[in-house]
Amino acid sequence: ISLVGGVVERPKMQRQVVPGQKGFYPKNKKRSSVPQFTNSPTLIVMVGLPARGKTYISKKLTRYLNWIGVSTKAFNVGEYRREATRSYNSYEFFSPDNTEAMEIRKTCVAAALKDVFTYLTRYQGQVAVFDATNTTPERRQVILSFAKDNGYKVFFVESICDDPEIIAENIKQVKLTSPDYTDCDKEEALVDFLKRIECYQQTYIPLDDDTDRNLSYIKIFNVGSRYLVNKVQDHIQSRIVYYLMNIHVTPRSIYLCRHGESELNLLGRIGGDPGLSHRGTKFASALGDYMRDQSISDLKVWTSHMKRTIQTAEFLGVQYEQWKALNEIDAGVCEEMTYEEIQEHFPEEFALRDQDKYRYRYPKGESYEDLVHRLEPVIMELERQENVLVICHQAAMRCLLAYFLNKSDDELPYLKCPLHTVLKLTPIAYGCKVESVFLNIEAVNTHRDRPELMPTYV
Amino acid sequence: MRGCSNRSKQNQGKAVCMTNCPTLIVTVGLPARGKTYISKKLTRYLNWIGVPTREFNVGQYRRDFMKIYKSFEFFRPDNEEGLKIRQQCASAALNDVRQYLAEDGGQVAVFDATNTTRERRETIVQFAEQNGFKVFFVESVCEDPDVIQENIVQVKLCSPDYTNCNTDEAVEDFMQRIKCYENSYETLDEVLDRDLSYIKIIDVGQRYLVNRVLDHIQSRIVYYLMNIHITPRSIYLCRHGESELNVKGRIGGDSGLTTRGKQFAKKLAQFIQTQSIVDLKVWTSQMKRTIQTAEALAVPYEQWKALNEIDAGVCEEMMYEEIQESHPLEFALRDQDKYRYRYPKGESYEDLVQRLEPVIMELERQENVLVICHQAVMRCLLAYFLDKSAEELPYLKCPLHTVLKLTPVAYGCKVESISLNVDAVNTHREKPENVNVHRSAADALQTVPPHL
C-alpha cells in the first residue's frame, strides 16, 4: 500500500492519465489514492482492561487513517452488546461465571467480526479496528483464525495502565456519561464500573513477549511513557506505530485561525502573497489581545511562509515558527484571479472543480487531497505539542479542521473558516469541543458554497 | 520547512530548529551489534534532513592513540592499563562532543561506544546534565549468531585492527573481544532505567522497546530506526528518458519523451530484465516523462507526487539564456547558494529534501526498488545515500540515460553507474566562476550546456 505517494500501483491495463490534465476523472467515486490492487487489508485488534483508553485510541486512529486517505472503520463490541441486551443492569453481566451473559457476549463478537468481514472484503475497506477487551489468548486466537481465513493482516494494540489517577480520570470522562449509566448517580456508577474491571482482571493475560513473539503488536504502557513494538510487518503498521507514539492525553487547546484580511482578499482574488489590509492589521492586534487574555502557559505559534500570516503573527510580539507546509493551496494557473476571471478563462476547469472539489487539482497547482498530504507532518507535530496557535489560510485551515472534527472528503472543502474568527479546539472525551470566537473586526467573506446545480462543462 | 521565528527572510540559511537544547545520542551494546552501523546511518539521515549531526566513535580514538592493535587482551577487564587508556579515549571523545554541541553549532552528537555498564552510562548522563544536553540511548541487543557472524565478516575483518591477520585469526580474536565485555554487560533495564529516554532494538528490528521519548527529534529518530533494515537489496536510480524540453534546453515543464527518450525506456526495460531482480518495485513521479518511461517496463508502478521535479516557479520552461535576460539577479543569487535558493513562486533544493523525506523513509522500508525521477530530485536522493553535503548536492552529476545501482555494503553504499548507450543532451550546469550579481551575461552563461 502506498499512503504517502497518494497514488498507487497501476498495472499497464489501467493506465492513469496524469491528474490535472484535461478531462479524465474516474467514473467511480473511489479516490485516486485508493489502491486498485491492495495488499491484504489490516485488522487492528485492541487489547486491554476496561478504562485503558482502547476506544479513545480506536476512534482517534480511525479518524487519522481516514484523514490521510486510508479507508478505516472501527467496530466497538460494547455497542453490539448494548444493542443485544437493551438495558444494562450491573457489573454482574460481566462476571466470568455468568454463562448466559457469556453466550450473549460471544454472539456480539461474532456479529462484529461479520461486519468487519463485510467492510474489508465486500466494501474494500483497508483497515478495520476491532475495539474490545480481547484480554485472553483464547479470544485473540479466535480473531487470528478469523483473520487468517480471510487473508487479513493482524496488528494488536494493547494498552496497559496501572496508574489509578489515569484510570479514574478516564472513567470520569467517558464512562459516567455512557448509555450504560444514564440512570445512575455518579457514585453508584463508579463503584459498579470498578467491579466491572475486576471481572476482567482475573482472566487477563497480556500479550506475552515470548509466546506471542510471532504476532505483530504494540504495547502502550501508562499512556505512552513506554512502548514495546514487535514485528512490524509493513508500511501501514509502521505509520500506525509512529502515530500512536506521538499522541498524548495531556489537556491542552489548539487555536486555529486565518491570517488577517489581505489586500487580495479585498479584491476577491485567490492565492498570491499579499500583505494585510488595514482591517487585517486590526485583527492581528485584536488576536494579540485575545491570546494574552487566554493566559496560556508555553503557547507555540505557527505560521506559513506567506507574508499575510507572518505579518499577523508579528503583532503578537512572541516567537513563532514558520512552516512551508502551512502555505495556502497553490492555485497554479489560477493564482491571483477572481472567480469571475477563472470562469472566463478556464470554464471547464471551474466546472470540474465544483464536481469534485476535494480531488480536483488546479493545472500546475494542487488539490485539497495534495494539501492533506502536505499537512500530515503538521498534524503529527500538533499531536505531539500542547498549546498551539496556528495562523494559516482558508484551504489549509479546512484540512486541519476536518482532521480534528472528523469531516469527510466531501464536506472538507466547504467547511466554514471565515476571516477574523478563531476556532478554539479542546479535546474532550472521544472528540473535540469547538469554540468559535469572532474578534469583531469586519472582513470580506471568502467562502464559496457548493453550487446548487451540478455544473456540466460547456 | 520550519524556519525560526520573527524573521520573514525568504531564503533563510538557518538550519531547521527542531530542538531546544542539543541532543546526545548514546549507543549501547556488545561489539558487533551494529552500533557503528546505526550511528553512521543515523548521522547521515539527520544531516540530510538539515539537523547538524556528527558521530564520535571511541574505537577510533583508541586506534589513534594506540597506533597498533595487538590482540583482544587489551580489552580484558583486568587489564588496568588498557582500562585507563580506554577511559581517556572516552573522555577525549566527550570533550569533542561538548565542543561540537556547545561551540561549533552542532545539534546532535552520536557517542558511539559499547557503554555496556550502568556506571559508564551514569557518567555520560552527568556529563550531559552539566552541559545542558538531552540524552537518548540507542541499545542494540542481538543473540543471533548468524547476524553477528555476518557483521564481523562485513566490517570487522577489514578493520584497521586486523589488517595483518588472516580471516580465521581475526574472527577468533574478535570473538574473544566480545567475551571481555559480556560479563560486565548491564542491559538497559525496564525498572532501573525507567527514567532514561531510550530505544532498545532487539534482533535487528524484530522488536523495539521505547521509553520516554521527550521531543520531536527523538520521535523522528525512533521512527527512522524502526524503519531501517539490513536485508541485502539494491536501489536503482535514474531519470526519465530525454524529453522534448530537455533538447530545447528548457527547464521544468511537463513534456513527453523524445524518440531517444523512448529508446532509453525500452533499453531500461531490457536492463531490468537482465538484472533478474526479485520483487522489484517501480516508482515514478506524477509527470508525463517519468510515467512514459515506466510504461515501457510493462510492470505495475507507483506514482509519487513527492518525486516531481523541483518547481522553478516563474522560471518554469525557460532556457538559462532567457532566465539570464529576464531575471539576472535571481540567476546570480542561485549560483551563490544553489542549495538554499528558492525560485520566486517555486522551490529550493532545501524544500525538495523536505518533500522527499517520506520517499527516503519508504525506500528504507523497502527492498529492491527502481526510482524513475528527475535531475534535481535524483541529486537529493543520491546525496542521502552517498552522504553528500548541501554544498555538493546541487552539483552532483545525474546524466540522462544512466542508471545508478546503489547497494548498501559495510557502513556505506556501493555505486555502479550504468549508461544504457542511448545518446542524450547534457543537462548538467556547473557552478560558473563569476557568481557576482553584477556579472556579464557571458560570465553567467559560461557553464550552460549546449542545446537546440
# chains A, B, ... in the order shown; residues from 1 in each chain; ligands from 1

call {"tool": "interface_residues", "arguments": {"of": "chain B", "to": "chain A", "cutoff": "8 Å", "atoms": "only C-alpha atoms", "output": "PyMOL selection string"}}
result
chain B and resi 1-6+8+10+205-213+215-216+219+223+226-227+286-288+295+298-306+358-359+362+365

call {"tool": "write_last_selection", "arguments": {"atoms": "N, CA and C atoms", "output": "short mmCIF file (atom, residue, chain, number, x, y, z; two decimals), in the first residue's frame"}}
result
data_model
loop_
_atom_site.label_atom_id
_atom_site.label_comp_id
_atom_site.auth_asym_id
_atom_site.auth_seq_id
_atom_site.Cartn_x
_atom_site.Cartn_y
_atom_site.Cartn_z
N MET B 1 8.98 23.76 5.43
CA MET B 1 10.19 23.73 6.27
C MET B 1 9.94 24.64 7.45
N ARG B 2 10.33 24.21 8.57
CA ARG B 2 10.11 25.05 9.74
C ARG B 2 11.29 25.95 9.94
N GLY B 3 11.13 27.21 9.71
CA GLY B 3 12.22 28.16 9.96
C GLY B 3 12.06 28.70 11.35
N CYS B 4 12.86 29.64 11.71
CA CYS B 4 12.76 30.20 13.06
C CYS B 4 11.97 31.48 13.06
N SER B 5 11.60 31.91 14.22
CA SER B 5 10.61 32.98 14.36
C SER B 5 11.13 34.34 13.96
N ASN B 6 10.22 35.25 13.94
CA ASN B 6 10.47 36.67 13.81
C ASN B 6 10.98 37.15 12.48
N SER B 8 11.23 37.22 8.53
CA SER B 8 10.50 36.69 7.39
C SER B 8 11.38 36.66 6.16
N GLN B 10 13.09 35.34 3.05
CA GLN B 10 12.65 34.29 2.17
C GLN B 10 13.65 33.15 2.07
N GLY B 205 15.65 -5.46 14.80
CA GLY B 205 14.37 -4.87 14.46
C GLY B 205 13.16 -5.76 14.59
N GLN B 206 13.31 -6.96 15.10
CA GLN B 206 12.13 -7.79 15.34
C GLN B 206 11.26 -7.11 16.37
N ARG B 207 11.96 -6.54 17.37
CA ARG B 207 11.22 -5.95 18.48
C ARG B 207 11.93 -4.67 18.93
N TYR B 208 11.15 -3.73 19.43
CA TYR B 208 11.71 -2.48 19.96
C TYR B 208 11.07 -2.16 21.30
N LEU B 209 11.88 -1.64 22.18
CA LEU B 209 11.33 -1.13 23.42
C LEU B 209 11.66 0.35 23.45
N VAL B 210 10.65 1.19 23.57
CA VAL B 210 10.87 2.63 23.52
C VAL B 210 10.43 3.25 24.83
N ASN B 211 11.29 4.00 25.45
CA ASN B 211 10.98 4.56 26.76
C ASN B 211 11.18 6.07 26.80
N ARG B 212 10.15 6.78 27.23
CA ARG B 212 10.23 8.21 27.48
C ARG B 212 10.81 9.05 26.35
N VAL B 213 10.16 9.01 25.22
CA VAL B 213 10.56 9.90 24.13
C VAL B 213 10.21 11.32 24.53
N ASP B 215 11.00 14.51 22.88
CA ASP B 215 10.71 15.62 21.97
C ASP B 215 10.66 15.16 20.51
N HIS B 216 10.48 16.12 19.64
CA HIS B 216 10.29 15.85 18.23
C HIS B 216 11.46 15.10 17.62
N SER B 219 11.53 11.58 18.62
CA SER B 219 10.43 10.86 17.96
C SER B 219 10.80 10.52 16.52
N TYR B 223 11.35 6.76 14.87
CA TYR B 223 10.63 6.38 13.65
C TYR B 223 11.63 5.88 12.61
N MET B 226 13.15 2.54 13.45
CA MET B 226 12.20 1.44 13.32
C MET B 226 11.89 1.10 11.88
N ASN B 227 12.39 1.89 10.95
CA ASN B 227 12.10 1.62 9.55
C ASN B 227 13.28 1.06 8.77
N GLN B 286 4.67 12.17 -10.80
CA GLN B 286 3.39 12.29 -11.47
C GLN B 286 3.51 13.11 -12.75
N MET B 287 4.73 13.20 -13.26
CA MET B 287 4.93 13.95 -14.51
C MET B 287 5.03 13.01 -15.69
N LYS B 288 4.54 13.49 -16.82
CA LYS B 288 4.44 12.64 -18.02
C LYS B 288 5.72 11.88 -18.32
N GLU B 295 6.09 3.15 -18.35
CA GLU B 295 5.15 2.37 -19.15
C GLU B 295 5.87 1.33 -19.99
N ALA B 298 6.41 -2.28 -18.64
CA ALA B 298 5.29 -3.24 -18.61
C ALA B 298 5.17 -3.96 -17.27
N VAL B 299 5.42 -3.23 -16.20
CA VAL B 299 5.17 -3.78 -14.86
C VAL B 299 4.39 -2.72 -14.07
N PRO B 300 3.69 -3.12 -12.99
CA PRO B 300 2.98 -2.12 -12.20
C PRO B 300 3.97 -1.13 -11.61
N TYR B 301 3.56 0.13 -11.50
CA TYR B 301 4.43 1.14 -10.91
C TYR B 301 3.59 2.08 -10.06
N GLU B 302 4.23 2.72 -9.11
CA GLU B 302 3.56 3.67 -8.23
C GLU B 302 3.98 5.08 -8.58
N GLN B 303 3.01 5.98 -8.58
CA GLN B 303 3.32 7.38 -8.86
C GLN B 303 3.37 8.18 -7.56
N TRP B 304 4.43 8.92 -7.35
CA TRP B 304 4.58 9.74 -6.16
C TRP B 304 4.65 11.21 -6.58
N LYS B 305 3.75 12.03 -6.05
CA LYS B 305 3.84 13.46 -6.34
C LYS B 305 5.14 14.01 -5.77
N ALA B 306 5.55 13.44 -4.64
CA ALA B 306 6.77 13.91 -3.97
C ALA B 306 8.01 13.77 -4.85
N PRO B 358 9.63 11.53 3.08
CA PRO B 358 8.81 10.31 3.13
C PRO B 358 9.23 9.29 2.08
N VAL B 359 9.77 9.74 0.95
CA VAL B 359 10.25 8.80 -0.07
C VAL B 359 11.44 8.02 0.47
N GLU B 362 10.35 5.49 3.01
CA GLU B 362 9.76 4.30 2.41
C GLU B 362 10.83 3.48 1.67
N ARG B 365 12.34 1.22 4.12
CA ARG B 365 11.49 0.08 4.46
C ARG B 365 11.52 -0.99 3.38
#

call {"tool": "select_by_dssp", "arguments": {"residues": "stretch 80-314 of chain B", "states": "strand (DSSP E or B)", "output": "ChimeraX atom specification"}}
result
/B:108-112,134-141,198-202,207-211,235-239,243,250,257,281-284,301-304

call {"tool": "residues_around", "arguments": {"residues": "stretch 83-100 of chain B", "least_positions_apart": "4", "cutoff": "6 Å", "atoms": "only C-alpha atoms", "output": "number ranges by chain"}}
result
B: 58, 61-62, 104, 106

call {"tool": "atom_distance", "arguments": {"atom1": "atom CA of B:Thr259", "atom2": "atom CA of B:Ala424"}}
result
10.3 Å

call {"tool": "select_by_dssp", "arguments": {"residues": "stretch 59-298 of chain B", "states": "alpha helix (DSSP H)", "output": "PyMOL selection string"}}
result
chain B and resi 59-66+80-98+118-131+145-151+167-182+216-225+244-247+259-275+288-295

call {"tool": "closest_residue", "arguments": {"among": "A:Tyr368, A:Phe93, A:Tyr204, A:Tyr430", "to": "A:Pro413", "atoms": "only C-alpha atoms"}}
result
A:Tyr368

call {"tool": "closest_residue", "arguments": {"among": "A:Ala402, A:Ala443, A:Val388, A:Leu43", "to": "A:Leu267", "atoms": "only C-alpha atoms"}}
result
A:Ala443

call {"tool": "closest_residue", "arguments": {"among": "A:Asn387, A:Lys106, A:Ile441, A:Gly53", "to": "A:Ser277", "atoms": "only C-alpha atoms"}}
result
A:Ile441

call {"tool": "atom_distance", "arguments": {"atom1": "atom CA of B:Leu307", "atom2": "atom CA of B:Ala444"}}
result
29.1 Å

call {"tool": "atom_distance", "arguments": {"atom1": "atom CA of B:Met175", "atom2": "atom CA of B:Val26"}}
result
23.5 Å

call {"tool": "residues_around", "arguments": {"residues": "B:Glu186", "least_positions_apart": "3", "cutoff": "9 Å", "atoms": "only C-alpha atoms", "output": "list in words"}}
result
Thr116, Thr117, Arg118, Glu182, Asn183 and Asp189 of chain B

call {"tool": "residues_around", "arguments": {"residues": "A:Thr281", "least_positions_apart": "5", "cutoff": "7 Å", "atoms": "only C-alpha atoms", "output": "PyMOL selection string"}}
result
chain A and resi 260+276+312

call {"tool": "write_last_selection", "arguments": {"atoms": "all heavy atoms", "output": "short mmCIF file (atom, residue, chain, number, x, y, z; two decimals), in the first residue's frame"}}
result
data_model
loop_
_atom_site.label_atom_id
_atom_site.label_comp_id
_atom_site.auth_asym_id
_atom_site.auth_seq_id
_atom_site.Cartn_x
_atom_site.Cartn_y
_atom_site.Cartn_z
N GLY A 260 -4.94 37.81 8.96
CA GLY A 260 -5.87 38.93 8.86
C GLY A 260 -6.26 39.15 7.40
O GLY A 260 -5.55 38.70 6.49
N LEU A 276 -1.30 42.45 4.59
CA LEU A 276 -2.59 42.66 5.25
C LEU A 276 -3.22 43.97 4.83
O LEU A 276 -2.54 44.95 4.54
CB LEU A 276 -2.41 42.67 6.77
CG LEU A 276 -1.87 41.39 7.41
CD1 LEU A 276 -1.73 41.57 8.92
CD2 LEU A 276 -2.78 40.22 7.10
N THR A 312 0.59 38.83 10.48
CA THR A 312 -0.38 38.65 11.57
C THR A 312 0.34 38.25 12.85
O THR A 312 0.08 38.78 13.93
CB THR A 312 -1.42 37.59 11.18
OG1 THR A 312 -1.97 37.90 9.91
CG2 THR A 312 -2.53 37.51 12.21
#

call {"tool": "residues_around", "arguments": {"residues": "B:Tyr162", "least_positions_apart": "4", "cutoff": "12 Å", "atoms": "only C-alpha atoms", "output": "ChimeraX atom specification"}}
result
/B:63,68-72,152-153,155-158,166-174
